[in-house]
Each structure stands twice: as C-alpha cells, then as structure tokens.
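As provided, target_7.pdb (PDB, C-alpha atoms, pLDDT in the B column) reads as follows.
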ATOM      1  CA  MET A   1     114.515  68.595 101.983  1.00 85.00           C
ATOM      2  CA  ARG A   2     112.130  68.557 104.914  1.00 94.00           C
ATOM      3  CA  LEU A   3     108.424  68.856 104.067  1.00 95.00           C
ATOM      4  CA  LEU A   4     105.803  70.478 106.282  1.00 96.00           C
ATOM      5  CA  THR A   5     102.119  69.599 106.194  1.00 96.00           C
ATOM      6  CA  THR A   6      99.701  72.489 106.446  1.00 96.00           C
ATOM      7  CA  GLN A   7      96.000  73.086 106.105  1.00 98.00           C
ATOM      8  CA  VAL A   8      95.188  75.702 103.459  1.00 97.00           C
ATOM      9  CA  ILE A   9      92.005  77.725 103.945  1.00 98.00           C
ATOM     10  CA  SER A  10      90.516  79.384 100.858  1.00 98.00           C
ATOM     11  CA  LEU A  11      88.420  82.465 101.618  1.00 98.00           C
ATOM     12  CA  GLU A  12      86.212  84.717  99.539  1.00 98.00           C
ATOM     13  CA  MET A  13      84.377  88.006  99.670  1.00 98.00           C
ATOM     14  CA  ARG A  14      81.490  88.733  97.295  1.00 97.00           C
ATOM     15  CA  GLU A  15      81.165  92.493  97.818  1.00 95.00           C
ATOM     16  CA  PRO A  16      83.345  95.213  99.299  1.00 94.00           C
ATOM     17  CA  PRO A  17      82.716  96.326 102.873  1.00 92.00           C
ATOM     18  CA  GLN A  18      80.533  99.392 103.306  1.00 89.00           C
ATOM     19  CA  THR A  19      82.837 101.039 105.846  1.00 87.00           C
ATOM     20  CA  GLU A  20      86.294 102.447 105.281  1.00 85.00           C
ATOM     21  CA  VAL A  21      89.197 101.612 107.576  1.00 92.00           C
ATOM     22  CA  LEU A  22      91.012 104.784 108.532  1.00 92.00           C
ATOM     23  CA  PRO A  23      94.796 104.908 108.829  1.00 92.00           C
ATOM     24  CA  PRO A  24      95.967 103.954 112.312  1.00 92.00           C
ATOM     25  CA  PRO A  25      97.333 106.674 114.580  1.00 88.00           C
ATOM     26  CA  CYS A  26     100.952 107.163 113.622  1.00 87.00           C
ATOM     27  CA  ASP A  27     103.448 109.920 114.197  1.00 90.00           C
ATOM     28  CA  LYS A  28     105.025 109.237 110.782  1.00 91.00           C
ATOM     29  CA  PRO A  29     103.438 109.735 107.351  1.00 92.00           C
ATOM     30  CA  LEU A  30     101.738 106.618 105.926  1.00 95.00           C
ATOM     31  CA  ALA A  31     101.153 105.948 102.238  1.00 96.00           C
ATOM     32  CA  VAL A  32      99.950 102.970 100.226  1.00 97.00           C
ATOM     33  CA  THR A  33     101.439 103.124  96.761  1.00 97.00           C
ATOM     34  CA  ARG A  34     101.546 100.883  93.719  1.00 98.00           C
ATOM     35  CA  VAL A  35     104.964  99.711  92.595  1.00 98.00           C
ATOM     36  CA  HIS A  36     105.096  99.366  88.824  1.00 96.00           C
ATOM     37  CA  ASP A  37     107.727  97.016  87.401  1.00 95.00           C
ATOM     38  CA  ILE A  38     109.299  96.226  90.750  1.00 97.00           C
ATOM     39  CA  ARG A  39     112.898  95.074  90.469  1.00 97.00           C
ATOM     40  CA  LEU A  40     113.274  91.347  91.010  1.00 98.00           C
ATOM     41  CA  ASP A  41     115.760  91.795  93.858  1.00 97.00           C
ATOM     42  CA  SER A  42     113.413  94.243  95.597  1.00 97.00           C
ATOM     43  CA  TYR A  43     110.495  91.840  95.211  1.00 97.00           C
ATOM     44  CA  ARG A  44     112.567  88.955  96.540  1.00 97.00           C
ATOM     45  CA  MET A  45     113.643  91.020  99.542  1.00 96.00           C
ATOM     46  CA  LEU A  46     109.999  91.795 100.424  1.00 96.00           C
ATOM     47  CA  TYR A  47     108.891  88.243  99.745  1.00 96.00           C
ATOM     48  CA  ARG A  48     111.624  86.677 101.873  1.00 96.00           C
ATOM     49  CA  ALA A  49     111.287  89.240 104.677  1.00 95.00           C
ATOM     50  CA  LEU A  50     107.636  88.349 105.057  1.00 94.00           C
ATOM     51  CA  GLY A  51     107.461  84.782 103.810  1.00 94.00           C
ATOM     52  CA  ASP A  52     110.482  82.937 105.164  1.00 95.00           C
ATOM     53  CA  ALA A  53     109.057  82.652 108.673  1.00 93.00           C
ATOM     54  CA  HIS A  54     105.901  81.125 107.195  1.00 94.00           C
ATOM     55  CA  HIS A  55     107.600  78.871 104.632  1.00 94.00           C
ATOM     56  CA  TRP A  56     106.360  80.707 101.546  1.00 93.00           C
ATOM     57  CA  THR A  57     107.841  79.082  98.446  1.00 92.00           C
ATOM     58  CA  SER A  58     105.598  79.920  95.473  1.00 93.00           C
ATOM     59  CA  ARG A  59     107.761  82.842  94.318  1.00 95.00           C
ATOM     60  CA  LEU A  60     111.174  81.259  94.897  1.00 95.00           C
ATOM     61  CA  LEU A  61     111.664  81.125  91.136  1.00 96.00           C
ATOM     62  CA  PRO A  62     114.377  81.797  88.562  1.00 97.00           C
ATOM     63  CA  ASP A  63     114.415  85.356  87.194  1.00 97.00           C
ATOM     64  CA  ASP A  64     112.514  84.633  83.980  1.00 98.00           C
ATOM     65  CA  GLN A  65     109.701  82.776  85.751  1.00 97.00           C
ATOM     66  CA  LEU A  66     109.412  85.326  88.555  1.00 97.00           C
ATOM     67  CA  SER A  67     109.306  88.167  86.054  1.00 97.00           C
ATOM     68  CA  ARG A  68     106.468  86.459  84.158  1.00 97.00           C
ATOM     69  CA  GLU A  69     104.525  86.114  87.417  1.00 96.00           C
ATOM     70  CA  ILE A  70     104.924  89.660  88.743  1.00 97.00           C
ATOM     71  CA  HIS A  71     105.480  91.770  85.609  1.00 97.00           C
ATOM     72  CA  ASN A  72     102.322  90.958  83.736  1.00 95.00           C
ATOM     73  CA  GLU A  73      99.211  92.984  83.047  1.00 96.00           C
ATOM     74  CA  THR A  74      97.119  91.215  85.689  1.00 97.00           C
ATOM     75  CA  THR A  75      99.434  91.592  88.698  1.00 97.00           C
ATOM     76  CA  ARG A  76      99.429  94.622  90.993  1.00 98.00           C
ATOM     77  CA  ILE A  77     101.948  95.146  93.801  1.00 98.00           C
ATOM     78  CA  PHE A  78     101.425  97.764  96.507  1.00 98.00           C
ATOM     79  CA  VAL A  79     103.550  98.762  99.474  1.00 98.00           C
ATOM     80  CA  LEU A  80     102.639 100.457 102.724  1.00 98.00           C
ATOM     81  CA  LEU A  81     105.224 103.107 103.490  1.00 97.00           C
ATOM     82  CA  CYS A  82     105.749 104.453 106.995  1.00 95.00           C
ATOM     83  CA  ASP A  83     107.992 107.487 106.790  1.00 94.00           C
ATOM     84  CA  GLU A  84     109.089 106.182 103.348  1.00 94.00           C
ATOM     85  CA  ILE A  85     110.143 102.798 104.806  1.00 95.00           C
ATOM     86  CA  VAL A  86     108.291  99.684 103.626  1.00 97.00           C
ATOM     87  CA  ALA A  87     106.105  98.473 106.483  1.00 97.00           C
ATOM     88  CA  GLY A  88     104.014  95.964 104.520  1.00 97.00           C
ATOM     89  CA  TRP A  89     102.912  94.971 101.055  1.00 98.00           C
ATOM     90  CA  PHE A  90     100.408  93.038  99.034  1.00 98.00           C
ATOM     91  CA  GLU A  91     100.266  91.411  95.645  1.00 98.00           C
ATOM     92  CA  ILE A  92      96.964  91.053  93.858  1.00 98.00           C
ATOM     93  CA  GLU A  93      96.069  89.222  90.669  1.00 97.00           C
ATOM     94  CA  MET A  94      93.194  90.581  88.618  1.00 97.00           C
ATOM     95  CA  ARG A  95      91.138  88.032  86.676  1.00 96.00           C
ATOM     96  CA  PRO A  96      88.845  90.189  84.549  1.00 94.00           C
ATOM     97  CA  ALA A  97      87.508  87.329  82.418  1.00 94.00           C
ATOM     98  CA  LEU A  98      86.234  85.675  85.608  1.00 96.00           C
ATOM     99  CA  ARG A  99      85.253  88.980  87.254  1.00 97.00           C
ATOM    100  CA  GLU A 100      87.504  87.956  90.130  1.00 98.00           C
ATOM    101  CA  ALA A 101      90.604  89.155  91.893  1.00 98.00           C
ATOM    102  CA  ARG A 102      92.925  87.226  94.186  1.00 98.00           C
ATOM    103  CA  ILE A 103      95.119  88.557  96.960  1.00 98.00           C
ATOM    104  CA  VAL A 104      98.210  86.461  96.297  1.00 97.00           C
ATOM    105  CA  HIS A 105     100.416  87.757  99.127  1.00 97.00           C
ATOM    106  CA  PHE A 106      99.738  90.103 102.015  1.00 97.00           C
ATOM    107  CA  GLY A 107     101.506  91.064 105.198  1.00 95.00           C
ATOM    108  CA  ILE A 108     103.161  93.500 107.531  1.00 97.00           C
ATOM    109  CA  LEU A 109     106.898  93.309 108.182  1.00 96.00           C
ATOM    110  CA  SER A 110     107.690  92.201 111.731  1.00 94.00           C
ATOM    111  CA  ALA A 111     109.114  95.566 112.890  1.00 94.00           C
ATOM    112  CA  PHE A 112     105.761  97.213 112.117  1.00 95.00           C
ATOM    113  CA  ARG A 113     103.342  94.686 113.626  1.00 95.00           C
ATOM    114  CA  GLY A 114     101.019  95.562 116.475  1.00 93.00           C
ATOM    115  CA  ARG A 115     100.296  99.093 115.242  1.00 94.00           C
ATOM    116  CA  GLY A 116      97.048  98.532 113.330  1.00 94.00           C
ATOM    117  CA  PHE A 117      98.777  98.591 109.945  1.00 97.00           C
ATOM    118  CA  ALA A 118      97.431  95.169 108.862  1.00 97.00           C
ATOM    119  CA  ASP A 119      93.817  96.289 109.285  1.00 96.00           C
ATOM    120  CA  TYR A 120      94.454  99.393 107.209  1.00 97.00           C
ATOM    121  CA  LEU A 121      96.528  97.681 104.495  1.00 98.00           C
ATOM    122  CA  LEU A 122      94.034  94.839 104.079  1.00 98.00           C
ATOM    123  CA  SER A 123      91.258  97.375 103.571  1.00 97.00           C
ATOM    124  CA  LYS A 124      93.344  98.909 100.774  1.00 97.00           C
ATOM    125  CA  ALA A 125      93.948  95.488  99.217  1.00 98.00           C
ATOM    126  CA  ILE A 126      90.210  94.798  99.279  1.00 98.00           C
ATOM    127  CA  ALA A 127      89.499  98.154  97.624  1.00 97.00           C
ATOM    128  CA  VAL A 128      92.053  97.416  94.884  1.00 97.00           C
ATOM    129  CA  GLY A 129      90.559  93.954  94.391  1.00 97.00           C
ATOM    130  CA  PHE A 130      87.100  95.335  93.716  1.00 97.00           C
ATOM    131  CA  ALA A 131      88.218  98.504  91.884  1.00 95.00           C
ATOM    132  CA  GLU A 132      88.367  96.901  88.441  1.00 92.00           C
ATOM    133  CA  GLY A 133      84.928  95.306  88.478  1.00 93.00           C
ATOM    134  CA  ALA A 134      85.496  92.044  90.336  1.00 96.00           C
ATOM    135  CA  ASP A 135      82.417  90.358  91.779  1.00 97.00           C
ATOM    136  CA  ARG A 136      84.534  88.059  93.934  1.00 98.00           C
ATOM    137  CA  LEU A 137      87.772  88.540  95.851  1.00 98.00           C
ATOM    138  CA  THR A 138      89.670  85.497  97.122  1.00 98.00           C
ATOM    139  CA  LEU A 139      92.725  84.740  99.202  1.00 98.00           C
ATOM    140  CA  GLU A 140      94.312  81.802 100.925  1.00 98.00           C
ATOM    141  CA  THR A 141      95.994  81.375 104.259  1.00 97.00           C
ATOM    142  CA  ASN A 142      97.342  78.304 105.996  1.00 96.00           C
ATOM    143  CA  THR A 143      98.315  77.015 109.385  1.00 96.00           C
ATOM    144  CA  LEU A 144     101.946  78.103 108.841  1.00 95.00           C
ATOM    145  CA  ASP A 145     100.963  81.759 108.346  1.00 95.00           C
ATOM    146  CA  HIS A 146     100.907  84.314 111.145  1.00 94.00           C
ATOM    147  CA  PRO A 147      98.250  83.303 113.711  1.00 94.00           C
ATOM    148  CA  ALA A 148      96.530  86.695 113.342  1.00 95.00           C
ATOM    149  CA  ALA A 149      96.004  86.229 109.576  1.00 97.00           C
ATOM    150  CA  LEU A 150      92.788  84.183 109.567  1.00 98.00           C
ATOM    151  CA  PRO A 151      91.044  86.265 112.272  1.00 98.00           C
ATOM    152  CA  LEU A 152      91.985  89.455 110.376  1.00 97.00           C
ATOM    153  CA  TYR A 153      90.583  88.136 107.104  1.00 98.00           C
ATOM    154  CA  ARG A 154      87.366  87.024 108.784  1.00 97.00           C
ATOM    155  CA  LYS A 155      87.042  90.386 110.569  1.00 96.00           C
ATOM    156  CA  HIS A 156      87.113  92.101 107.171  1.00 96.00           C
ATOM    157  CA  GLY A 157      84.354  89.880 105.817  1.00 97.00           C
ATOM    158  CA  PHE A 158      86.151  87.011 104.101  1.00 98.00           C
ATOM    159  CA  ARG A 159      84.422  83.670 104.485  1.00 98.00           C
ATOM    160  CA  PRO A 160      86.004  80.212 104.102  1.00 98.00           C
ATOM    161  CA  TYR A 161      84.774  78.169 101.160  1.00 98.00           C
ATOM    162  CA  ALA A 162      87.323  75.320 100.961  1.00 98.00           C
ATOM    163  CA  THR A 163      90.162  73.655 102.833  1.00 98.00           C
ATOM    164  CA  ARG A 164      92.852  71.245 101.766  1.00 98.00           C
ATOM    165  CA  ARG A 165      96.007  69.703 103.215  1.00 98.00           C
ATOM    166  CA  VAL A 166      99.263  70.278 101.358  1.00 95.00           C
ATOM    167  CA  GLN A 167     102.945  69.693 101.872  1.00 95.00           C
ATOM    168  CA  THR A 168     105.417  72.502 101.392  1.00 93.00           C
ATOM    169  CA  PRO A 169     109.195  72.596 101.630  1.00 93.00           C
ATOM    170  CA  ALA A 170     110.466  73.927 104.940  1.00 95.00           C
ATOM    171  CA  ILE A 171     112.582  77.049 104.785  1.00 93.00           C
ATOM    172  CA  GLU A 172     115.340  76.171 107.207  1.00 86.00           C
ATOM    173  CA  ALA A 173     117.081  78.705 109.459  1.00 68.00           C
ATOM    174  CA  LYS A 174     120.340  78.465 107.478  1.00 50.00           C
ATOM    175  CA  THR A 175     118.434  79.302 104.272  1.00 46.00           C
ATOM    176  CA  GLN A 176     116.851  82.282 106.013  1.00 45.00           C
ATOM    177  CA  ALA A 177     120.245  83.506 107.228  1.00 46.00           C
ATOM    178  CA  ALA A 178     121.759  83.133 103.735  1.00 45.00           C
ATOM    179  CA  ALA A 179     118.849  85.054 102.193  1.00 47.00           C
ATOM    180  CA  LYS A 180     119.299  87.887 104.696  1.00 50.00           C
ATOM    181  CA  ALA A 181     123.022  88.039 103.983  1.00 44.00           C
ATOM    182  CA  THR A 182     122.353  88.602 100.270  1.00 41.00           C
ATOM    183  CA  THR A 183     119.716  91.332 100.703  1.00 43.00           C
TER     184      THR A 183
END
I'd like the structure from this file rewritten - as structure tokens, please.
Amino acid sequence: MRLLTTQVISLEMREPPQTEVLPPPCDKPLAVTRVHDIRLDSYRMLYRALGDAHHWTSRLLPDDQLSREIHNETTRIFVLLCDEIVAGWFEIEMRPALREARIVHFGILSAFRGRGFADYLLSKAIAVGFAEGADRLTLETNTLDHPAALPLYRKHGFRPYATRRVQTPAIEAKTQAAAKATT
C-alpha cells in the first residue's frame, strides 16, 4: 500500500459569525436537511464520492465500527439538496462536555462545485456547530483536500491553531473505480 504524506491544519472558531450567508442564486430549490440514521451504504456513497479524490480513509470501516461512529447521539449528518439531489454534505460531532463541536467531514460533490454552494453549506455547518451551546468549533483540512478548502474556512472565520505531518494510505484509481461500480 502506497502512503502519502500530508500536512494537516487544525482550525478553530470561538464564536459564530454575525452575518448570515444567503443561499446562492439557483434555479432549483435548495434545502439543507438533517439525515437521521443514515443507511451505511448511503453514507459510504457520499463519503467515497467526496473523499476518494482526497484520500479520505477515516470512515473506511467495517459495518459495526462505522455504525458506532455515525449512529451515535453526538453525530449529526446534514445534506444539501439541489432539486432533491444531494449536492453536498457535512458531518459534525457535538462534544457537550467540552462545550465544543467538530466538523468531521464537509464538502460539495464535484458536479455542483463553482456555484457558491460551499459558502452556503459551510455557514449552515457553523450554525449547527454552535446551536447546542458550543464555545468552540473545530475542523481539520490537509494538503490533499480540495485547494479551495483552506481559503473557504479562513474566509468564514476559522483560524489555524496547529499543524502536523501525517501519512495516509493512497486511494488508488482502481480502488476508486471499484467503489463507483458498487454504488
């Protein structure tokens, strides 16, 4: 298995922004909705559709482990629907004992990029993160993620507080093709 080295940037926000991001102009209806008890195959499809290009591996887990991660009382999963088609999604972990929340995964599917959806969806993720009393909202990105990710996070008010170098398994093209064939 080939390993890739990446720099991980940890970012934080200590208070929600004072301005609201309006939905981008769109000729189709947009909705951000929470998905309760998402089916594992549906989650995997979203995760792979967004994450394979960026070598995401943290949720490539057996059913029982994945279910424990995403079907617990602290995890929230939301999708952005454009004309009832998933255009993007985010996963957020609430940490009430620490008065924190963490955006675990966030992104817009490639067919919907360049339309202002990321700006709008991130604003919704931030609102969810602070909605249950968090004093701090965190997220991580890395040098394998989409190049627009870090500038978007900074634009919304996230500030870096740590960096580290890690190695992650590469998701090879044949693995990506096999994943697409099964979804």
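Here atom CA of Ala101 of chain A and atom CA of Asp52 of chain A stand 24.7 Å from one another.
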**Request:** Could you give me, as a PyMOL selection string, the residues within 10 Å of Gly107 of chain A, counting all atoms listed in the file and dropping anything in the same chain fewer than 6 positions from it?
**Result:** chain A and resi 46-47+49-51+79-80+87-91+113+117-118+121-122+145-146+149
**Prompt:** What residues come out when you apply the PyMOL selection byres ((chain A and resi 167) around 10) to this file, written as an MDAnalysis selection string?
**Reply:** chainID A and resid 2:8 165:166 168:170
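If you count all atoms listed in the file and ignore residues fewer than 6 places along the chain from Arg59 of chain A, what sits within 9 Å of it is Arg44, Tyr47, Gln65, Leu66 and Glu69 of chain A.
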Any chance you can output those residues with C-alpha atoms as a PDB file, in the coordinates of the input?
ATOM      1  CA  ARG A  44     112.567  88.955  96.540  1.00 97.00           C
ATOM      2  CA  TYR A  47     108.891  88.243  99.745  1.00 96.00           C
ATOM      3  CA  GLN A  65     109.701  82.776  85.751  1.00 97.00           C
ATOM      4  CA  LEU A  66     109.412  85.326  88.555  1.00 97.00           C
ATOM      5  CA  GLU A  69     104.525  86.114  87.417  1.00 96.00           C
TER       6      GLU A  69
END
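Of the listed residues (A:Asp63, A:Asp135, A:Glu84, A:Glu172), A:Asp135 comes nearest to Ala97 of chain A; the distances count all atoms listed in the file.
Going from atom CA of Thr163 of chain A over to atom CA of Thr141 of chain A, you cover 9.8 Å.
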**Prompt:** Rounded to one decimal in Å, what is the spacing between atom CA of Arg154 of chain A and atom CA of Glu12 of chain A?
**Reply:** 9.6 Å
**Request:** Give me the result of the PyMOL selection byres ((chain A and resi 125) around 10) on this file, residue by residue, as a ChimeraX atom specification.
**Result:** /A:32,76-78,89-92,102-103,106,120-124,126-131,137
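Shortest separation to Lys28 of chain A among A:Met13, A:Met45, A:Leu152, A:Ile85 occurs at residue A:Ile85, atoms counted being only C-alpha atoms.
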Using the structure block above, produce a file of segment 57-87 of chain A that contains N, CA and C atoms, as a compact mmCIF listing (two decimals), in the first residue's frame.
# COMPACT_ATOMS: atom_id res chain seq x y z
N THR A 57 -9.74 8.34 4.49
CA THR A 57 -9.75 6.93 4.90
C THR A 57 -10.37 6.69 6.28
N SER A 58 -10.64 7.72 7.04
CA SER A 58 -11.06 7.53 8.43
C SER A 58 -12.38 6.80 8.59
N ARG A 59 -13.23 6.79 7.57
CA ARG A 59 -14.53 6.12 7.67
C ARG A 59 -14.61 4.88 6.78
N LEU A 60 -13.48 4.40 6.30
CA LEU A 60 -13.45 3.15 5.55
C LEU A 60 -13.37 2.01 6.56
N LEU A 61 -14.49 1.73 7.19
CA LEU A 61 -14.57 0.84 8.35
C LEU A 61 -15.58 -0.28 8.11
N PRO A 62 -15.43 -1.38 8.84
CA PRO A 62 -16.46 -2.42 8.81
C PRO A 62 -17.79 -1.85 9.33
N ASP A 63 -18.89 -2.51 8.96
CA ASP A 63 -20.22 -2.02 9.31
C ASP A 63 -20.38 -1.67 10.78
N ASP A 64 -19.97 -2.55 11.68
CA ASP A 64 -20.21 -2.30 13.10
C ASP A 64 -19.46 -1.06 13.60
N GLN A 65 -18.21 -0.89 13.13
CA GLN A 65 -17.44 0.28 13.55
C GLN A 65 -17.99 1.56 12.94
N LEU A 66 -18.35 1.51 11.66
CA LEU A 66 -18.91 2.70 11.02
C LEU A 66 -20.22 3.10 11.69
N SER A 67 -21.05 2.14 11.98
CA SER A 67 -22.32 2.43 12.64
C SER A 67 -22.10 3.10 14.00
N ARG A 68 -21.12 2.62 14.76
CA ARG A 68 -20.82 3.26 16.05
C ARG A 68 -20.38 4.71 15.87
N GLU A 69 -19.64 4.98 14.80
CA GLU A 69 -19.15 6.34 14.55
C GLU A 69 -20.26 7.30 14.13
N ILE A 70 -21.16 6.84 13.25
CA ILE A 70 -22.13 7.78 12.67
C ILE A 70 -23.54 7.69 13.26
N HIS A 71 -23.84 6.60 13.97
CA HIS A 71 -25.17 6.44 14.56
C HIS A 71 -25.11 6.57 16.07
N ASN A 72 -24.50 7.60 16.54
CA ASN A 72 -24.44 7.81 17.98
C ASN A 72 -25.07 9.16 18.30
N GLU A 73 -25.27 9.41 19.56
CA GLU A 73 -26.01 10.62 19.95
C GLU A 73 -25.24 11.91 19.74
N THR A 74 -23.96 11.84 19.45
CA THR A 74 -23.18 13.07 19.27
C THR A 74 -22.94 13.45 17.82
N THR A 75 -23.28 12.56 16.89
CA THR A 75 -23.01 12.81 15.47
C THR A 75 -24.25 13.32 14.76
N ARG A 76 -24.06 14.35 13.94
CA ARG A 76 -25.13 14.90 13.12
C ARG A 76 -24.65 14.89 11.67
N ILE A 77 -25.51 14.44 10.76
CA ILE A 77 -25.19 14.42 9.34
C ILE A 77 -26.27 15.21 8.61
N PHE A 78 -25.82 16.15 7.78
CA PHE A 78 -26.72 17.01 7.01
C PHE A 78 -26.35 16.92 5.54
N VAL A 79 -27.35 17.03 4.68
CA VAL A 79 -27.10 17.07 3.24
C VAL A 79 -27.67 18.36 2.67
N LEU A 80 -27.01 18.85 1.64
CA LEU A 80 -27.53 19.95 0.84
C LEU A 80 -28.18 19.34 -0.38
N LEU A 81 -29.47 19.59 -0.53
CA LEU A 81 -30.22 19.07 -1.67
C LEU A 81 -30.46 20.19 -2.67
N CYS A 82 -30.19 19.89 -3.92
CA CYS A 82 -30.49 20.81 -5.02
C CYS A 82 -31.48 20.07 -5.90
N ASP A 83 -32.71 20.52 -5.88
CA ASP A 83 -33.78 19.84 -6.61
C ASP A 83 -33.86 18.37 -6.19
N GLU A 84 -33.72 18.16 -4.87
CA GLU A 84 -33.81 16.83 -4.22
C GLU A 84 -32.66 15.89 -4.59
N ILE A 85 -31.58 16.42 -5.15
CA ILE A 85 -30.37 15.64 -5.44
C ILE A 85 -29.28 16.13 -4.48
N VAL A 86 -28.55 15.20 -3.88
CA VAL A 86 -27.50 15.58 -2.94
C VAL A 86 -26.40 16.32 -3.68
N ALA A 87 -26.16 17.56 -3.24
CA ALA A 87 -25.11 18.39 -3.83
C ALA A 87 -23.90 18.49 -2.91
